[in-house]
Amino acid sequence: MEINWAFIVSNLPLYEKAAWLTLKLSILGIALSLVIGMLCSVILFYRTKGLVRLVQAYIEVSRNTPLLIQLFFLYYGLTKVGLTMSENTCAIIGLAFLGGSYMAEAFRGGIESVSKSQLESGLSIGLSNFQLIRYVILPQAFAVTLPSLGANCIFLLKETSIVGAIAIPELMHITQDLIGIYYQTFEALLMLVVSYLVMLLPLSIALTWLERKVRYAQFGN
Amino acid sequence: MTIEEKHQVLLQINGLHKEYDGTTVLDDINLSIHKGEVVVILGPSGCGKSTLLRCMNGLEKIQGGEIVFSGKDLTDKNVDWQNTRQQIGMVFQNYDLFPHMTVMENVLLGPVKVQKRDKAESLEQAEQLLKRVGLFERKDAYPRQLSGGQKQRIAIVRALCMNPQIMLFDEVTAALDPEMVREVLDVMLGLAKQGMTMMIVTHEMGFAKAVADRIIFIDAGKICEIATPDEFFSNPTTERAKQFLNIFQY
């Protein structure tokens, strides 16, 4: 079989553009999901009255519905009740909505791994609740949680492959278009695979490096 | 003139009552501690002595009675614990240094972040205190790189850096290897000599004898005996205290 290199070269700019879009959506979605996850896990940890049930309900809805359906709901559903958002906004919110619950559960595991005596030790020098979270709980929880946070980031980045379903020209979407137009199925899919690897391999390596660095203080090497 | 008359009362406990889910763990505790006084609390395991210490800085809520510290009623609903705890240093059995911070970061967290004191001034005090406990060279080490005795001395420095009016020691040598106990007790004895007010829960009888102005013997949640170390160790008045001391004599 002959690989059509000319096709690959001529479509590189298209893939590059789509990859940047994928990255942009992922970074914003992941950043938001980290914020949501952190807030939810702190609420769950402190059993904040009134909010705990809300957070639990959110986590169940988020984890037990597919991203595709969440996206359809945001994009096609909400517009029928008068709330119209751009495709990109829907994609970012969708990713954050899905990722938030995964991040929350990961953070919760980390927070619960911080011993009660650490909290008391912090309180005994007069730390406020906020300072306790900021200086004692989160840094320790983060070191423990980092592997699962990293896995979640990679998971979310990969999940962007379905946001094309709401007409966003990301990698999967343009690949399907190219196949439809030129029937260059192998070349298009090869470029898709390589595009994801180019984005994800450095991320994986960076996460491993960060993990080692963060773990050093607490656990050594 | 007795100790009571010589100094002013720093901590006054009246009729303290503490229970967990209906089980009384401390009952009708009355005690006053004077500035510069060293009080050692003795008693069998589970008698409530650690709980009593933890009530002093609000780690445990009490169900009755009052605690007056430096003129402030700590049972008042609106008591500012963040502020109060800065004046009550506490050292725990398991050191509980923050594992993700170096020794110096551990020690400076309170002064700089809680008390918002000048960094340079805090650093100077921290360095001085670290030198005093012989650990200045380890200021950049992480807790995991220190021995138990070293960690405990750092924990003491961390509490001292807040310039507390009183120090609470909760079985601080109980988790240490025997040869490390001494280095920690020496630091505490030094503090006592400098006039620090201290409440100490310990099982080290020899140390209790050496450091205490008064011994409080607690059993089953009640104060059984309050005496000077000499009286207590040579001639305990209650049967329960006699039994307790016999256990320590081979």
# chains A, B, ... in the order shown; residues from 1 in each chain; ligands from 1
>>> closest_atom_pairs(of="chain B", to="chain A", cutoff="9 Å", atoms="only C-alpha atoms", output="tab-separated table")
residue	atom	partner	partner_atom	distance
B:Asn57	CA	A:Ser124	CA	7.2
B:Gly58	CA	A:Ser124	CA	8.9
B:Leu59	CA	A:Glu120	CA	7.1
B:Trp81	CA	A:Gly126	CA	7.3
B:Gln82	CA	A:Gly126	CA	4.4
B:Asn83	CA	A:Gly126	CA	6.4
B:Thr84	CA	A:Gly126	CA	7.5
B:Arg85	CA	A:Gly126	CA	5.1
B:Gln86	CA	A:Gly126	CA	5.2
B:Gln87	CA	A:Ile125	CA	8.6
B:Ile88	CA	A:Ser124	CA	7.7
B:Gly89	CA	A:Ser124	CA	6.9
B:Met90	CA	A:Ser124	CA	6.3
B:Val91	CA	A:Ser121	CA	8.1
B:Phe92	CA	A:Ser121	CA	7.7
B:Asn94	CA	A:Ser117	CA	8.2
B:Tyr95	CA	A:Ser121	CA	8.4
B:Asp96	CA	A:Gln118	CA	5.7
B:Leu97	CA	A:Gln118	CA	7.6
B:Phe98	CA	A:Val136	CA	6.9
B:Pro99	CA	A:Gln218	CA	5.2
B:His100	CA	A:Gln218	CA	4.9
B:Met101	CA	A:Ala217	CA	6.9
B:Thr102	CA	A:Ala217	CA	7.9
B:Leu109	CA	A:Tyr135	CA	8.5
B:Gly110	CA	A:Ile125	CA	5.9
B:Pro111	CA	A:Ile125	CA	8.9
B:Lys113	CA	A:Leu127	CA	8.1
B:Val114	CA	A:Leu127	CA	6.0
B:Gln115	CA	A:Gly126	CA	8.5
B:Tyr142	CA	A:Ala217	CA	6.4
B:Pro143	CA	A:Gln218	CA	8.1
B:Arg144	CA	A:Gln218	CA	7.0
B:Gln145	CA	A:Gly220	CA	8.8
B:Arg158	CA	A:Ile125	CA	8.3
B:Ala159	CA	A:Ile125	CA	6.8
B:Met162	CA	A:Ile125	CA	7.4
>>> select_by_dssp(residues="range 3-226 of chain B", states="alpha helix (DSSP H)", output="PyMOL selection string")
chain B and resi 3-6+49-56+81-87+103-108+119-132+148-160+178-193+205-211
>>> write_last_selection(atoms="C-alpha atoms", output="PDB file, in the first residue's frame")
ATOM      1  CA  ILE B   3       3.383  29.296  95.072  1.00  0.00           C
ATOM      2  CA  GLU B   4      -0.270  30.260  94.893  1.00  0.00           C
ATOM      3  CA  GLU B   5       0.334  33.569  96.578  1.00  0.00           C
ATOM      4  CA  LYS B   6       3.508  34.374  94.745  1.00  0.00           C
ATOM      5  CA  LYS B  49      -5.301  13.680  81.102  1.00  0.00           C
ATOM      6  CA  SER B  50      -4.696  14.255  77.396  1.00  0.00           C
ATOM      7  CA  THR B  51      -8.309  15.279  76.952  1.00  0.00           C
ATOM      8  CA  LEU B  52      -7.884  17.847  79.705  1.00  0.00           C
ATOM      9  CA  LEU B  53      -4.962  19.421  77.833  1.00  0.00           C
ATOM     10  CA  ARG B  54      -6.884  19.431  74.582  1.00  0.00           C
ATOM     11  CA  CYS B  55      -9.775  21.247  76.243  1.00  0.00           C
ATOM     12  CA  MET B  56      -7.408  24.104  77.085  1.00  0.00           C
ATOM     13  CA  TRP B  81      -9.830  30.623  69.104  1.00  0.00           C
ATOM     14  CA  GLN B  82      -7.409  31.674  66.397  1.00  0.00           C
ATOM     15  CA  ASN B  83      -6.155  34.435  68.620  1.00  0.00           C
ATOM     16  CA  THR B  84      -6.270  32.381  71.806  1.00  0.00           C
ATOM     17  CA  ARG B  85      -4.390  29.450  70.331  1.00  0.00           C
ATOM     18  CA  GLN B  86      -1.499  31.726  69.424  1.00  0.00           C
ATOM     19  CA  GLN B  87      -1.003  32.271  73.133  1.00  0.00           C
ATOM     20  CA  VAL B 103      12.113  22.846  59.278  1.00  0.00           C
ATOM     21  CA  MET B 104      12.346  26.614  58.847  1.00  0.00           C
ATOM     22  CA  GLU B 105       9.072  26.806  56.911  1.00  0.00           C
ATOM     23  CA  ASN B 106       7.381  24.805  59.657  1.00  0.00           C
ATOM     24  CA  VAL B 107       8.673  27.149  62.305  1.00  0.00           C
ATOM     25  CA  LEU B 108       7.884  30.374  60.429  1.00  0.00           C
ATOM     26  CA  LYS B 119       9.802  38.149  58.313  1.00  0.00           C
ATOM     27  CA  ALA B 120      13.318  39.192  59.300  1.00  0.00           C
ATOM     28  CA  GLU B 121      12.441  39.492  62.958  1.00  0.00           C
ATOM     29  CA  SER B 122      10.667  36.105  62.943  1.00  0.00           C
ATOM     30  CA  LEU B 123      13.606  34.526  61.183  1.00  0.00           C
ATOM     31  CA  GLU B 124      15.993  35.841  63.778  1.00  0.00           C
ATOM     32  CA  GLN B 125      13.886  34.457  66.598  1.00  0.00           C
ATOM     33  CA  ALA B 126      13.499  31.123  64.813  1.00  0.00           C
ATOM     34  CA  GLU B 127      17.257  30.872  64.288  1.00  0.00           C
ATOM     35  CA  GLN B 128      17.908  31.631  67.924  1.00  0.00           C
ATOM     36  CA  LEU B 129      15.439  29.019  69.112  1.00  0.00           C
ATOM     37  CA  LEU B 130      16.768  26.418  66.679  1.00  0.00           C
ATOM     38  CA  LYS B 131      20.260  27.070  67.973  1.00  0.00           C
ATOM     39  CA  ARG B 132      19.035  26.676  71.510  1.00  0.00           C
ATOM     40  CA  GLY B 148      11.956  11.445  66.269  1.00  0.00           C
ATOM     41  CA  GLY B 149      13.758  13.392  68.951  1.00  0.00           C
ATOM     42  CA  GLN B 150      14.804  16.053  66.459  1.00  0.00           C
ATOM     43  CA  LYS B 151      11.275  16.351  65.114  1.00  0.00           C
ATOM     44  CA  GLN B 152       9.926  16.797  68.594  1.00  0.00           C
ATOM     45  CA  ARG B 153      12.453  19.531  69.390  1.00  0.00           C
ATOM     46  CA  ILE B 154      11.428  21.291  66.172  1.00  0.00           C
ATOM     47  CA  ALA B 155       7.772  20.955  67.172  1.00  0.00           C
ATOM     48  CA  ILE B 156       8.637  22.667  70.450  1.00  0.00           C
ATOM     49  CA  VAL B 157      10.423  25.467  68.592  1.00  0.00           C
ATOM     50  CA  ARG B 158       7.434  25.866  66.267  1.00  0.00           C
ATOM     51  CA  ALA B 159       5.173  26.402  69.262  1.00  0.00           C
ATOM     52  CA  LEU B 160       7.654  28.698  71.025  1.00  0.00           C
ATOM     53  CA  PRO B 178      14.478   5.707  74.792  1.00  0.00           C
ATOM     54  CA  GLU B 179      17.763   7.350  73.839  1.00  0.00           C
ATOM     55  CA  MET B 180      15.927  10.278  72.278  1.00  0.00           C
ATOM     56  CA  VAL B 181      13.704  10.961  75.227  1.00  0.00           C
ATOM     57  CA  ARG B 182      16.464  12.740  77.101  1.00  0.00           C
ATOM     58  CA  GLU B 183      17.174  15.380  74.440  1.00  0.00           C
ATOM     59  CA  VAL B 184      13.523  16.406  74.401  1.00  0.00           C
ATOM     60  CA  LEU B 185      13.146  16.432  78.172  1.00  0.00           C
ATOM     61  CA  ASP B 186      16.272  18.566  78.469  1.00  0.00           C
ATOM     62  CA  VAL B 187      14.724  21.194  76.234  1.00  0.00           C
ATOM     63  CA  MET B 188      11.584  21.190  78.357  1.00  0.00           C
ATOM     64  CA  LEU B 189      13.542  21.428  81.571  1.00  0.00           C
ATOM     65  CA  GLY B 190      15.403  24.407  80.115  1.00  0.00           C
ATOM     66  CA  LEU B 191      12.115  26.087  79.343  1.00  0.00           C
ATOM     67  CA  ALA B 192      10.843  25.467  82.854  1.00  0.00           C
ATOM     68  CA  LYS B 193      13.957  27.060  84.302  1.00  0.00           C
ATOM     69  CA  MET B 205       8.191   9.777  86.415  1.00  0.00           C
ATOM     70  CA  GLY B 206      11.785  10.849  86.941  1.00  0.00           C
ATOM     71  CA  PHE B 207      11.245  13.858  84.725  1.00  0.00           C
ATOM     72  CA  ALA B 208       7.973  14.719  86.434  1.00  0.00           C
ATOM     73  CA  LYS B 209       9.765  14.746  89.745  1.00  0.00           C
ATOM     74  CA  ALA B 210      12.524  16.982  88.419  1.00  0.00           C
ATOM     75  CA  VAL B 211      10.461  19.529  86.530  1.00  0.00           C
TER      76      VAL B 211
END
>>> residues_around(residues="Ile3 in chain A", least_positions_apart="2", cutoff="8 Å", atoms="only C-alpha atoms", output="MDAnalysis selection string")
chainID A and resid 1 5 187
>>> residues_around(residues="range 33-36 of chain B", least_positions_apart="6", cutoff="6 Å", atoms="only C-alpha atoms", output="list of chain:residue names")
B:His7, B:Gln8, B:Val9, B:Leu10, B:Leu11, B:Gly195, B:Met196, B:Thr197
>>> closest_residue(among="B:Gln194, B:Asn163, B:Thr23, B:Thr238", to="Glu37 in chain B", atoms="only C-alpha atoms")
B:Gln194
>>> residues_around(residues="Gly46 in chain B", least_positions_apart="5", cutoff="12 Å", atoms="only C-alpha atoms", output="count of residues only")
10
>>> closest_residue(among="A:Ile179, A:Ala96, A:Ile59, A:Leu149", to="Glu211 in chain A", atoms="only C-alpha atoms")
A:Leu149
>>> closest_residue(among="A:Val198, A:Leu28, A:Met103, A:Ile36", to="Gly150 in chain A", atoms="only C-alpha atoms")
A:Met103
